[in-house]
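> Got a structure here, written out as structure tokens. Questions coming.
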Protein chains: 2
Amino acid sequence: MAKGRYHHGDLRSALLDAAEALVRERGADGWSLREASARVGVSPSAAYHHFASRDTLVRALSERTLAWLGERLREHCEHAPGQAGDPQLRLIALGCGYVRWSLDDPAVARLVLRGGATAPDSAISPHPHDVLTAELDRLAAAGGLPEPAREGAEFVVWAALHGLAVLLADGLVHFDDPRAVDLQTARVVRTTLNGLAQEASHAAGRPAGRSAHTERLARRPRG
Amino acid sequence: MAKGRYHHGDLRSALLDAAEALVRERGADGWSLREASARVGVSPSAAYHHFASRDTLVRALSERTLAWLGERLREHCEHAPGQAGDPQLRLIALGCGYVRWSLDDPAVARLVLRGGATAPDSAISPHPHDVLTAELDRLAAAGGLPEPAREGAEFVVWAALHGLAVLLADGLVHFDDPRAVDLQTARVVRTTLNGLAQEASHAAGRPAGRSAHTERLARRPRG
DNA sequence: CTCCAATCTGAACACTGTTGAGATGCTGGC
DNA sequence: GCCAGCATCTCAACAGTGTTCAGATTGGAG
């Protein structure tokens, strides 16, 4: 449809779609701007009226994907099992959503996760990181995470989850049974949360490293 | 030196050195095979007598770097503070070494860490992952990690550490004070180990997800 | 000294991201 | 209806890329 039209209509998102498909077919790096343009039926230079460079295209795709993922993770939390939204189960659901995504769509996940700093001014909403922060707040409010352990906790949990997702997307780790992924993810989340809680109870007796020193989360300067 | 010689001597490692330098100067992707060849003073096609493709060069550099890192991490463990080699302090030292490296040499770290599966037949020795495994064994032997939690524990710790390193190398997270990095790393390691230990004590009462389900670590098929 | 295998060169191929000058077609004012 | 203006797209070109291959150059074994 819209064949032969000189003006495409919505070339910008058509290019994003084509790039996304190409990433899935040929891997995060196995495609070119020219190819995406050709697939949409447009000359290579047309793309430059919508993206300053190939890299800009990639970043735009990353941001679109991250926003979509954030939305989905939020839903995952809502539909978590357990009675009356147990905060820990919600967090496990979040973790499983994140890790599952990196496994179900590994090529796109690689592109997005490596992506280096997403443009600092980008307003990804809701950013997956924000969803995590909100869930940790909920857990803390429910008494599941002692106050002294709350500060910087998102950093610890995020690192563990991110590490898991990256290892899986990069194929450095592999599970034969897909259900094992959920179990392992749940284990990582539970372990991390338990560790954070226990750390707090030991805090008084420990001389150093008692509180978080996260100074700036570059991705979320406004947070 | 060795100017004008038709035969270079050790072109292979000279190319690796040039590539490493270029990665540091221009980022993980901001260089070309041709550039590396030119810097060594050799025609582009000469490189193809030592590496099947540019990608092979990159992988070789990754492997060389990983082996170097493994060695260094091992030393880090040996020189850990604390009396008589406290296993937990050794693990913290390992973690700090890993994370510190990704921060001190971020461009190379990005190249290596993203790297996708390193060639399955590659004999990186000692692989950082093996060093971690050995340290966890030592901790378990010293009674610092209950038996039921030992299985698959390297996977949990590795994910957390890897996540931390990746976040820092990618610049998604930033610390103004370099000493804060060590504190955060120590916190992540301690949290993870504590969580693993506690998980074991709860294990009897929990219905599911009691034991690890790591089925295959793709990187270390022999492990 | 001679020959061989390893090593490197030179020129070419198809392809890439990117640019700038010009063609095309939609849109709003007359 | 028509025409100007403008965003959008095309065409042709540039420099640079990874990669290949026939042939030149060499150090070392016989």
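Ordered as shown in the structure tokens, chains take letters A, B, and onward, while each chain numbers its residues from 1 and ligands are numbered from 1 in the order shown.
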Any idea what's packed within 12 Å of B:Leu196, counting only C-alpha atoms (C1' of nucleotides), ignoring anything in its chain fewer than 2 positions away? Could you give it as a JSON list (two decimals) with C-alpha atoms, in the first residue's frame?

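So selection_12.json came out as:
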[["chain", "number", "residue", "atom", "x", "y", "z"],
["A", 187, "ARG", "CA", 16.69, -16.62, 42.57],
["A", 188, "VAL", "CA", 18.79, -13.63, 41.65],
["A", 189, "VAL", "CA", 16.11, -11.18, 42.70],
["A", 190, "ARG", "CA", 15.37, -12.99, 45.93],
["A", 191, "THR", "CA", 19.03, -13.36, 46.75],
["A", 192, "THR", "CA", 19.73, -9.71, 46.13],
["A", 193, "LEU", "CA", 16.76, -8.49, 48.17],
["A", 194, "ASN", "CA", 17.53, -10.86, 51.03],
["A", 195, "GLY", "CA", 21.12, -9.74, 50.98],
["A", 196, "LEU", "CA", 20.14, -6.11, 51.10],
["A", 198, "GLN", "CA", 20.47, -8.67, 55.93],
["B", 136, "LEU", "CA", 33.58, -19.42, 45.61],
["B", 140, "ALA", "CA", 32.35, -22.71, 50.57],
["B", 144, "GLY", "CA", 31.14, -19.14, 54.36],
["B", 145, "LEU", "CA", 28.64, -20.48, 51.90],
["B", 146, "PRO", "CA", 26.24, -23.26, 52.89],
["B", 147, "GLU", "CA", 26.30, -26.30, 50.67],
["B", 148, "PRO", "CA", 22.79, -25.97, 49.21],
["B", 149, "ALA", "CA", 23.55, -22.42, 48.08],
["B", 150, "ARG", "CA", 26.80, -23.31, 46.38],
["B", 151, "GLU", "CA", 25.29, -24.80, 43.27],
["B", 152, "GLY", "CA", 24.95, -22.14, 40.62],
["B", 153, "ALA", "CA", 26.19, -19.47, 42.99],
["B", 154, "GLU", "CA", 28.87, -18.38, 40.52],
["B", 155, "PHE", "CA", 26.10, -17.59, 38.14],
["B", 156, "VAL", "CA", 24.39, -15.22, 40.58],
["B", 157, "VAL", "CA", 27.59, -13.50, 41.61],
["B", 189, "VAL", "CA", 29.50, -8.69, 46.48],
["B", 190, "ARG", "CA", 28.62, -8.73, 50.15],
["B", 191, "THR", "CA", 24.92, -8.37, 49.44],
["B", 192, "THR", "CA", 24.97, -11.20, 46.95],
["B", 193, "LEU", "CA", 26.92, -13.55, 49.19],
["B", 194, "ASN", "CA", 24.79, -12.75, 52.21],
["B", 198, "GLN", "CA", 20.33, -16.66, 53.77],
["B", 199, "GLU", "CA", 18.51, -18.25, 50.91],
["B", 200, "ALA", "CA", 19.98, -21.55, 51.97],
["B", 201, "SER", "CA", 18.67, -21.25, 55.51],
["B", 202, "HIS", "CA", 15.18, -20.51, 54.19],
["B", 203, "ALA", "CA", 15.41, -23.28, 51.66],
["B", 210, "ARG", "CA", 15.11, -24.13, 46.02],
["B", 211, "SER", "CA", 18.15, -25.15, 44.06],
["B", 212, "ALA", "CA", 20.07, -23.80, 41.12]]
> What residues in chain D have any atom no more than 10 Å from chain B when counting only C-alpha atoms (C1' of nucleotides), and can you write them as a count of residues only?
8
> Calculated over only C-alpha atoms, which of the candidates A:His127, A:His76, A:Arg138, A:Arg110 has the smallest distance to chain B?
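Closest residue, counting only C-alpha atoms: A:Arg110.
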> If you run DSSP over the backbone, which residues in stretch 14-220 of chain A end up alpha helix (DSSP H)? Put them as a PyMOL selection string.
chain A and resi 14-26+33-40+54-78+87-104+106-114+128-141+147-150+153-169+178-202
> Figure out the distance between atom C1' of C:DT16 and atom CA of A:Ala38, please, to one decimal in Å.
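Atom C1' of C:DT16 lies 13.9 Å from atom CA of A:Ala38.
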> Given only C-alpha atoms (C1' of nucleotides), how would the per-residue table for chain C near chain A read, listing every residue at most 8 Å away with its closest atom pair and distance in Å to one decimal, sorted by chain and number, as a Markdown table?

| residue | atom | partner | partner_atom | distance |
| --- | --- | --- | --- | --- |
| C:DT16 | C1' | A:Ser32 | CA | 7.5 |
| C:DG17 | C1' | A:Arg54 | CA | 7.5 |
| C:DT24 | C1' | A:Tyr6 | CA | 7.2 |
| C:DG25 | C1' | A:Tyr6 | CA | 7.1 |
> How would chain A read as a CSV table (one decimal) with C-alpha atoms, in the first residue's frame after a least-squares superposition onto chain B over every Cα atom, matched in order?

chain,number,residue,atom,x,y,z
A,1,MET,CA,63.0,-0.2,14.6
A,2,ALA,CA,62.7,-2.9,12.1
A,3,LYS,CA,61.8,-0.1,9.7
A,4,GLY,CA,61.5,-0.9,6.0
A,5,ARG,CA,61.7,-4.6,6.5
A,6,TYR,CA,59.5,-6.5,4.2
A,7,HIS,CA,58.9,-9.2,6.8
A,8,HIS,CA,57.7,-7.7,10.0
A,9,GLY,CA,58.7,-10.2,12.5
A,10,ASP,CA,55.6,-10.5,14.7
A,11,LEU,CA,52.9,-8.9,12.8
A,12,ARG,CA,50.1,-10.8,14.5
A,13,SER,CA,50.7,-9.3,18.0
A,14,ALA,CA,51.7,-5.9,16.5
A,15,LEU,CA,48.3,-5.8,14.9
A,16,LEU,CA,46.7,-6.7,18.2
A,17,ASP,CA,48.6,-3.9,19.9
A,18,ALA,CA,47.6,-1.4,17.3
A,19,ALA,CA,44.0,-2.4,17.5
A,20,GLU,CA,44.1,-2.1,21.3
A,21,ALA,CA,45.6,1.4,21.1
A,22,LEU,CA,43.0,2.4,18.5
A,23,VAL,CA,40.2,1.1,20.6
A,24,ARG,CA,41.5,3.3,23.5
A,25,GLU,CA,41.8,6.3,21.3
A,26,ARG,CA,38.6,6.2,19.3
A,27,GLY,CA,36.3,3.8,21.1
A,28,ALA,CA,35.3,0.2,20.6
A,29,ASP,CA,34.0,0.8,17.0
A,30,GLY,CA,35.8,3.9,15.9
A,31,TRP,CA,38.6,2.2,14.0
A,32,SER,CA,39.2,0.0,11.0
A,33,LEU,CA,41.4,-2.9,10.0
A,34,ARG,CA,43.1,-0.7,7.4
A,35,GLU,CA,43.9,1.9,10.0
A,36,ALA,CA,45.5,-0.7,12.3
A,37,SER,CA,47.5,-2.1,9.4
A,38,ALA,CA,48.7,1.4,8.4
A,39,ARG,CA,49.8,2.1,11.9
A,40,VAL,CA,51.9,-1.0,11.9
A,41,GLY,CA,53.3,0.1,8.5
A,42,VAL,CA,51.8,-2.8,6.5
A,43,SER,CA,49.3,-3.1,3.7
A,44,PRO,CA,45.7,-3.9,4.7
A,45,SER,CA,45.8,-7.3,3.1
A,46,ALA,CA,48.8,-8.4,5.1
A,47,ALA,CA,46.5,-8.7,8.1
A,48,TYR,CA,44.5,-11.4,6.4
A,49,HIS,CA,47.5,-13.8,6.7
A,50,HIS,CA,47.1,-13.6,10.4
A,51,PHE,CA,43.4,-13.1,10.9
A,52,ALA,CA,40.6,-14.5,8.9
A,53,SER,CA,38.6,-11.3,9.2
A,54,ARG,CA,38.3,-8.2,11.2
A,55,ASP,CA,36.0,-9.9,13.5
A,56,THR,CA,38.6,-12.6,14.2
A,57,LEU,CA,41.1,-9.8,15.1
A,58,VAL,CA,38.6,-8.4,17.6
A,59,ARG,CA,38.0,-11.8,19.1
A,60,ALA,CA,41.7,-12.5,19.4
A,61,LEU,CA,42.1,-9.2,21.2
A,62,SER,CA,39.2,-10.0,23.5
A,63,GLU,CA,40.8,-13.3,24.4
A,64,ARG,CA,44.2,-11.9,25.0
A,65,THR,CA,42.6,-9.3,27.2
A,66,LEU,CA,40.5,-11.8,29.1
A,67,ALA,CA,43.5,-14.0,29.8
A,68,TRP,CA,45.4,-11.0,31.1
A,69,LEU,CA,42.5,-10.0,33.2
A,70,GLY,CA,42.1,-13.4,34.7
A,71,GLU,CA,45.8,-13.4,35.7
A,72,ARG,CA,45.4,-10.0,37.3
A,73,LEU,CA,42.2,-11.0,39.2
A,74,ARG,CA,44.0,-13.9,40.6
A,75,GLU,CA,46.7,-11.7,41.9
A,76,HIS,CA,44.1,-9.3,43.3
A,77,CYS,CA,42.7,-12.2,45.3
A,78,GLU,CA,46.1,-13.1,46.7
A,79,HIS,CA,46.8,-9.6,47.8
A,80,ALA,CA,43.5,-9.1,49.4
A,81,PRO,CA,43.5,-7.4,52.8
A,82,GLY,CA,42.4,-9.0,56.0
A,83,GLN,CA,44.0,-11.7,58.0
A,84,ALA,CA,45.0,-15.0,56.5
A,85,GLY,CA,43.1,-14.6,53.3
A,86,ASP,CA,39.5,-14.2,54.4
A,87,PRO,CA,37.6,-15.7,51.5
A,88,GLN,CA,34.9,-13.0,51.5
A,89,LEU,CA,37.5,-10.3,51.3
A,90,ARG,CA,39.2,-12.2,48.5
A,91,LEU,CA,36.0,-12.2,46.6
A,92,ILE,CA,35.5,-8.5,47.2
A,93,ALA,CA,39.0,-7.9,45.9
A,94,LEU,CA,38.2,-9.9,42.9
A,95,GLY,CA,35.0,-7.9,42.3
A,96,CYS,CA,36.9,-4.6,42.7
A,97,GLY,CA,39.5,-5.7,40.2
A,98,TYR,CA,36.9,-6.6,37.7
A,99,VAL,CA,34.9,-3.5,38.0
A,100,ARG,CA,37.9,-1.3,38.3
A,101,TRP,CA,39.2,-2.6,35.1
A,102,SER,CA,36.0,-1.9,33.2
A,103,LEU,CA,36.2,1.6,34.5
A,104,ASP,CA,39.9,2.3,33.9
A,105,ASP,CA,39.9,0.9,30.4
A,106,PRO,CA,36.3,1.4,29.4
A,107,ALA,CA,36.7,1.3,25.6
A,108,VAL,CA,38.5,-2.0,25.7
A,109,ALA,CA,36.2,-3.3,28.3
A,110,ARG,CA,33.2,-2.5,26.1
A,111,LEU,CA,34.7,-4.4,23.3
A,112,VAL,CA,35.5,-7.4,25.4
A,113,LEU,CA,32.4,-7.5,27.5
A,114,ARG,CA,29.9,-7.2,24.7
A,115,GLY,CA,32.0,-9.5,22.6
A,116,GLY,CA,29.3,-12.1,22.2
A,117,ALA,CA,30.3,-15.6,22.8
A,118,THR,CA,34.1,-15.8,22.6
A,119,ALA,CA,34.9,-18.7,20.3
A,120,PRO,CA,33.8,-21.8,22.1
A,121,ASP,CA,37.1,-23.6,21.4
A,122,SER,CA,39.2,-20.8,22.8
A,123,ALA,CA,41.4,-21.7,25.7
A,124,ILE,CA,41.5,-18.6,27.7
A,125,SER,CA,43.5,-19.3,30.8
A,126,PRO,CA,42.8,-18.4,33.4
A,127,HIS,CA,39.3,-17.2,32.4
A,128,PRO,CA,38.0,-14.6,34.9
A,129,HIS,CA,35.0,-16.8,35.3
A,130,ASP,CA,37.2,-19.7,36.5
A,131,VAL,CA,38.9,-17.5,39.0
A,132,LEU,CA,35.5,-16.6,40.4
A,133,THR,CA,34.5,-20.2,40.6
A,134,ALA,CA,37.7,-21.1,42.4
A,135,GLU,CA,37.1,-18.3,45.0
A,136,LEU,CA,33.6,-19.4,45.6
A,137,ASP,CA,34.8,-22.9,46.2
A,138,ARG,CA,37.3,-21.5,48.7
A,139,LEU,CA,34.5,-19.6,50.5
A,140,ALA,CA,32.3,-22.7,50.6
A,141,ALA,CA,35.2,-24.8,51.9
A,142,ALA,CA,35.7,-22.3,54.7
A,143,GLY,CA,32.1,-22.5,55.7
A,144,GLY,CA,31.2,-19.1,54.4
A,145,LEU,CA,28.6,-20.5,51.9
A,146,PRO,CA,26.2,-23.2,52.9
A,147,GLU,CA,26.3,-26.3,50.7
A,148,PRO,CA,22.8,-25.9,49.2
A,149,ALA,CA,23.5,-22.4,48.1
A,150,ARG,CA,26.8,-23.3,46.4
A,151,GLU,CA,25.3,-24.8,43.3
A,152,GLY,CA,25.0,-22.1,40.6
A,153,ALA,CA,26.2,-19.5,43.0
A,154,GLU,CA,28.9,-18.4,40.5
A,155,PHE,CA,26.1,-17.6,38.2
A,156,VAL,CA,24.4,-15.2,40.6
A,157,VAL,CA,27.6,-13.5,41.6
A,158,TRP,CA,28.9,-13.3,38.1
A,159,ALA,CA,25.6,-11.7,36.9
A,160,ALA,CA,25.8,-9.0,39.6
A,161,LEU,CA,29.5,-8.3,38.9
A,162,HIS,CA,29.1,-8.4,35.2
A,163,GLY,CA,26.1,-6.1,35.4
A,164,LEU,CA,28.1,-3.6,37.4
A,165,ALA,CA,31.0,-3.7,35.1
A,166,VAL,CA,28.9,-3.3,32.0
A,167,LEU,CA,26.9,-0.4,33.5
A,168,LEU,CA,30.1,1.4,34.3
A,169,ALA,CA,31.9,0.7,31.0
A,170,ASP,CA,28.9,1.8,29.0
A,171,GLY,CA,28.7,5.0,31.1
A,172,LEU,CA,25.1,4.3,32.1
A,173,VAL,CA,26.2,4.9,35.7
A,174,HIS,CA,28.8,7.2,37.0
A,175,PHE,CA,30.6,7.9,40.2
A,176,ASP,CA,32.3,11.2,40.8
A,177,ASP,CA,34.5,9.7,43.5
A,178,PRO,CA,36.5,6.7,42.3
A,179,ARG,CA,36.7,5.3,45.8
A,180,ALA,CA,32.9,5.1,45.8
A,181,VAL,CA,33.3,2.4,43.0
A,182,ASP,CA,35.1,0.1,45.4
A,183,LEU,CA,32.6,0.7,48.1
A,184,GLN,CA,29.7,0.0,45.8
A,185,THR,CA,31.4,-3.1,44.4
A,186,ALA,CA,32.1,-4.4,47.9
A,187,ARG,CA,28.4,-3.8,48.7
A,188,VAL,CA,27.2,-5.7,45.7
A,189,VAL,CA,29.5,-8.7,46.5
A,190,ARG,CA,28.6,-8.7,50.2
A,191,THR,CA,24.9,-8.4,49.5
A,192,THR,CA,25.0,-11.2,47.0
A,193,LEU,CA,26.9,-13.5,49.2
A,194,ASN,CA,24.8,-12.7,52.2
A,195,GLY,CA,21.7,-13.3,50.2
A,196,LEU,CA,22.9,-16.6,49.0
A,197,ALA,CA,23.7,-17.7,52.5
A,198,GLN,CA,20.3,-16.6,53.8
A,199,GLU,CA,18.5,-18.2,50.9
A,200,ALA,CA,20.0,-21.5,52.0
A,201,SER,CA,18.7,-21.2,55.5
A,202,HIS,CA,15.2,-20.5,54.2
A,203,ALA,CA,15.4,-23.2,51.6
A,204,ALA,CA,13.6,-25.9,53.7
A,205,GLY,CA,10.5,-23.8,54.1
A,206,ARG,CA,10.3,-22.7,50.5
A,207,PRO,CA,8.3,-24.7,48.1
A,208,ALA,CA,10.0,-23.8,44.8
A,209,GLY,CA,13.2,-22.4,43.3
A,210,ARG,CA,15.2,-24.0,46.0
A,211,SER,CA,18.2,-25.1,44.0
A,212,ALA,CA,20.1,-23.8,41.1
A,213,HIS,CA,19.1,-24.6,37.6
A,214,THR,CA,22.1,-23.5,35.7
A,215,GLU,CA,22.3,-26.0,33.0
A,216,ARG,CA,25.1,-24.9,30.9
A,217,LEU,CA,27.6,-22.1,31.0
A,218,ALA,CA,28.2,-21.7,27.3
A,219,ARG,CA,31.5,-20.0,27.8
A,220,ARG,CA,33.0,-22.8,29.8
A,221,PRO,CA,31.7,-26.0,28.3
A,222,ARG,CA,34.4,-28.0,29.9
A,223,GLY,CA,33.5,-26.7,33.4
> Separation of atom C1' of C:DA14 and atom C1' of D:DC21, in Å?
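Atom-to-atom, atom C1' of C:DA14 and atom C1' of D:DC21 are spaced 15.0 Å apart.
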> Just give me the gap between atom C1' of D:DT10 and atom C1' of C:DC15 in Å, one decimal is fine.
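Result for atom C1' of D:DT10 versus atom C1' of C:DC15: 19.9 Å, one decimal.
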